[in-house]
file input.cif (mmCIF, C-alpha atoms, pLDDT in the B column; chains and numbers go by the auth columns)
data_input
#
loop_
_atom_site.group_PDB
_atom_site.id
_atom_site.type_symbol
_atom_site.label_atom_id
_atom_site.label_comp_id
_atom_site.label_asym_id
_atom_site.label_seq_id
_atom_site.Cartn_x
_atom_site.Cartn_y
_atom_site.Cartn_z
_atom_site.B_iso_or_equiv
_atom_site.auth_seq_id
_atom_site.auth_asym_id
ATOM 1 C CA PRO A 1 192.943 270.480 132.283 85.00 1 A
ATOM 2 C CA VAL A 2 192.255 271.398 128.672 89.00 2 A
ATOM 3 C CA ALA A 3 192.091 267.721 127.654 90.00 3 A
ATOM 4 C CA ALA A 4 192.521 264.235 129.080 90.00 4 A
ATOM 5 C CA ILE A 5 192.994 260.825 127.537 91.00 5 A
ATOM 6 C CA LYS A 6 193.465 257.364 129.030 88.00 6 A
ATOM 7 C CA GLY A 7 195.200 254.286 127.683 85.00 7 A
ATOM 8 C CA VAL A 8 198.373 255.857 126.283 83.00 8 A
ATOM 9 C CA GLY A 9 201.368 253.672 127.093 79.00 9 A
ATOM 10 C CA VAL A 10 204.736 255.219 127.952 74.00 10 A
ATOM 11 C CA TYR A 11 207.600 252.841 127.201 81.00 11 A
ATOM 12 C CA THR A 12 211.289 253.515 127.829 82.00 12 A
ATOM 13 C CA GLU A 13 212.303 251.613 124.684 92.00 13 A
ATOM 14 C CA VAL A 14 210.218 253.925 122.443 90.00 14 A
ATOM 15 C CA ASP A 15 211.996 257.210 121.586 90.00 15 A
ATOM 16 C CA ALA A 16 208.927 259.078 120.294 88.00 16 A
ATOM 17 C CA ARG A 17 205.220 258.665 119.776 85.00 17 A
ATOM 18 C CA THR A 18 202.584 260.845 118.139 89.00 18 A
ATOM 19 C CA ILE A 19 199.010 260.898 119.415 88.00 19 A
ATOM 20 C CA THR A 20 196.063 263.239 118.990 90.00 20 A
ATOM 21 C CA VAL A 21 194.214 264.413 122.081 89.00 21 A
ATOM 22 C CA PRO A 22 190.864 266.096 121.444 90.00 22 A
ATOM 23 C CA VAL A 23 190.376 269.423 123.216 88.00 23 A
ATOM 24 C CA ASP A 24 186.946 270.306 124.617 86.00 24 A
ATOM 25 C CA PRO A 25 185.373 272.715 122.079 83.00 25 A
ATOM 26 C CA ALA A 26 183.615 274.556 124.927 88.00 26 A
ATOM 27 C CA LEU A 27 186.990 275.418 126.465 89.00 27 A
ATOM 28 C CA ASP A 28 187.916 279.083 126.751 91.00 28 A
ATOM 29 C CA PRO A 29 190.005 279.699 123.582 90.00 29 A
ATOM 30 C CA ARG A 30 192.651 281.612 125.572 91.00 30 A
ATOM 31 C CA PHE A 31 193.910 278.279 126.926 89.00 31 A
ATOM 32 C CA THR A 32 194.866 276.991 123.457 88.00 32 A
ATOM 33 C CA ALA A 33 195.674 280.284 121.700 91.00 33 A
ATOM 34 C CA LYS A 34 199.046 280.899 120.075 94.00 34 A
ATOM 35 C CA GLY A 35 201.644 281.522 122.774 96.00 35 A
ATOM 36 C CA ALA A 36 199.694 279.768 125.558 94.00 36 A
ATOM 37 C CA HIS A 37 201.854 277.698 127.932 94.00 37 A
ATOM 38 C CA LEU A 38 200.678 274.110 128.363 93.00 38 A
ATOM 39 C CA THR A 39 202.023 271.097 130.225 94.00 39 A
ATOM 40 C CA VAL A 40 201.502 267.489 129.152 91.00 40 A
ATOM 41 C CA THR A 41 201.663 265.079 132.077 92.00 41 A
ATOM 42 C CA TYR A 42 201.553 261.279 131.916 87.00 42 A
ATOM 43 C CA VAL A 43 200.226 259.871 135.198 91.00 43 A
ATOM 44 C CA ASP A 44 200.332 256.172 136.130 90.00 44 A
ATOM 45 C CA ASP A 45 196.914 254.658 136.735 88.00 45 A
ATOM 46 C CA ASP A 46 198.133 251.042 136.966 87.00 46 A
ATOM 47 C CA HIS A 47 201.208 250.032 138.993 90.00 47 A
ATOM 48 C CA ASP A 48 201.661 253.227 141.044 93.00 48 A
ATOM 49 C CA PRO A 49 198.442 255.249 140.618 93.00 49 A
ATOM 50 C CA GLY A 50 198.966 258.989 140.687 93.00 50 A
ATOM 51 C CA LYS A 51 202.721 258.828 140.039 95.00 51 A
ATOM 52 C CA THR A 52 203.933 261.210 137.311 94.00 52 A
ATOM 53 C CA LEU A 53 205.708 259.139 134.654 86.00 53 A
ATOM 54 C CA ALA A 54 206.646 261.929 132.255 86.00 54 A
ATOM 55 C CA LYS A 55 206.007 265.650 131.913 93.00 55 A
ATOM 56 C CA GLN A 56 206.705 268.223 129.193 93.00 56 A
ATOM 57 C CA ASP A 57 205.985 271.952 129.067 96.00 57 A
ATOM 58 C CA PHE A 58 205.469 273.637 125.713 92.00 58 A
ATOM 59 C CA ILE A 59 204.142 276.796 124.091 95.00 59 A
ATOM 60 C CA VAL A 60 201.262 276.585 121.606 91.00 60 A
ATOM 61 C CA PRO A 61 202.672 277.468 118.173 91.00 61 A
#

call {"tool": "encode", "arguments": {"input": "input.cif", "output": "structure tokens"}}
result
Amino acid sequence: PVAAIKGVGVYTEVDARTITVPVDPALDPRFTAKGAHLTVTYVDDDHDPGKTLAKQDFIVP
């Protein structure tokens, strides 16, 4: 993982949400360089711990 954050709700009635997730400054810069492929995964830690709720792949602009 390049970053992790807890306490972000995922609600089906909300079409979009913007949050900022701080990236560890000691991380190898290749992981966040332009063109790097990253995946954001929302994992349930409440009702069904470990279950993937949503996932999106993207390329760092």

call {"tool": "resolve_selection", "arguments": {"input": "input.cif", "expression": "the PyMOL selection byres ((chain A and resi 45-59) around 9)", "output": "list of chain:residue names"}}
result
A:Lys6, A:Val10, A:Lys34, A:Gly35, A:Ala36, A:His37, A:Leu38, A:Thr39, A:Val40, A:Thr41, A:Tyr42, A:Val43, A:Asp44, A:Val60, A:Pro61

call {"tool": "residues_around", "arguments": {"input": "input.cif", "residues": "Ala26 in chain A", "least_positions_apart": "4", "cutoff": "12 Å", "atoms": "only C-alpha atoms", "output": "list in words"}}
result
Val2, Ala3, Pro22, Arg30, Phe31 and Thr32 of chain A

call {"tool": "atom_distance", "arguments": {"input": "input.cif", "atom1": "CA of Thr18 in chain A", "atom2": "CA of Ala4 in chain A"}}
result
15.2 Å

call {"tool": "atom_distance", "arguments": {"input": "input.cif", "atom1": "CA of Gly7 in chain A", "atom2": "CA of Ala33 in chain A"}}
result
26.7 Å

call {"tool": "atom_distance", "arguments": {"input": "input.cif", "atom1": "CA of Pro29 in chain A", "atom2": "CA of Ile5 in chain A"}}
result
19.5 Å

call {"tool": "axis_aligned_box", "arguments": {"input": "input.cif", "around": "range 16-34 of chain A", "padding_each_side": "3 Å", "output": "JSON"}}
result
{"center_x": 196.3, "center_y": 270.1, "center_z": 122.5, "size_x": 31.3, "size_y": 28.9, "size_z": 14.8}

call {"tool": "decode", "arguments": {"input": "input.cif", "residues": "chain A", "atoms": "C-alpha atoms", "output": "CSV table (one decimal), in the first residue's frame"}}
result
chain,number,residue,atom,x,y,z
A,1,PRO,CA,0.0,0.0,0.0
A,2,VAL,CA,1.1,3.5,-0.8
A,3,ALA,CA,-1.5,5.0,1.7
A,4,ALA,CA,-4.3,3.9,4.0
A,5,ILE,CA,-7.1,5.8,5.7
A,6,LYS,CA,-9.9,4.6,7.9
A,7,GLY,CA,-13.4,6.1,8.5
A,8,VAL,CA,-14.4,6.9,5.0
A,9,GLY,CA,-18.0,5.9,4.4
A,10,VAL,CA,-19.2,4.5,1.1
A,11,TYR,CA,-22.9,5.1,0.5
A,12,THR,CA,-25.0,3.9,-2.4
A,13,GLU,CA,-27.1,7.1,-2.4
A,14,VAL,CA,-24.0,9.3,-2.9
A,15,ASP,CA,-22.8,9.5,-6.5
A,16,ALA,CA,-19.3,11.0,-5.8
A,17,ARG,CA,-17.1,12.1,-3.0
A,18,THR,CA,-13.7,13.8,-2.8
A,19,ILE,CA,-11.2,13.0,-0.1
A,20,THR,CA,-7.5,13.5,0.4
A,21,VAL,CA,-5.4,10.6,1.4
A,22,PRO,CA,-1.8,11.4,2.6
A,23,VAL,CA,0.9,9.4,1.0
A,24,ASP,CA,3.9,8.4,3.1
A,25,PRO,CA,6.7,10.8,2.1
A,26,ALA,CA,9.3,8.0,2.7
A,27,LEU,CA,7.6,5.9,-0.1
A,28,ASP,CA,9.7,5.1,-3.2
A,29,PRO,CA,8.7,7.9,-5.6
A,30,ARG,CA,8.3,5.4,-8.5
A,31,PHE,CA,5.0,4.3,-6.9
A,32,THR,CA,3.4,7.7,-7.3
A,33,ALA,CA,5.2,8.9,-10.4
A,34,LYS,CA,3.3,10.0,-13.5
A,35,GLY,CA,2.0,7.0,-15.3
A,36,ALA,CA,2.1,4.7,-12.3
A,37,HIS,CA,-0.9,2.3,-12.0
A,38,LEU,CA,-2.7,2.4,-8.7
A,39,THR,CA,-5.8,0.8,-7.3
A,40,VAL,CA,-8.1,2.3,-4.7
A,41,THR,CA,-9.9,-0.3,-2.6
A,42,TYR,CA,-12.6,0.3,0.0
A,43,VAL,CA,-12.7,-2.6,2.5
A,44,ASP,CA,-15.5,-3.1,5.0
A,45,ASP,CA,-14.2,-3.1,8.6
A,46,ASP,CA,-17.7,-3.1,10.2
A,47,HIS,CA,-20.5,-5.4,9.1
A,48,ASP,CA,-18.5,-7.8,6.9
A,49,PRO,CA,-14.8,-7.2,7.8
A,50,GLY,CA,-12.4,-7.8,4.9
A,51,LYS,CA,-15.1,-7.6,2.2
A,52,THR,CA,-14.2,-5.3,-0.7
A,53,LEU,CA,-17.0,-2.7,-1.1
A,54,ALA,CA,-15.6,-0.8,-4.0
A,55,LYS,CA,-12.5,-0.8,-6.2
A,56,GLN,CA,-11.1,1.5,-8.9
A,57,ASP,CA,-7.9,1.3,-10.9
A,58,PHE,CA,-6.3,4.5,-12.2
A,59,ILE,CA,-3.1,5.9,-13.7
A,60,VAL,CA,-1.3,8.7,-11.9
A,61,PRO,CA,-1.7,11.8,-14.1
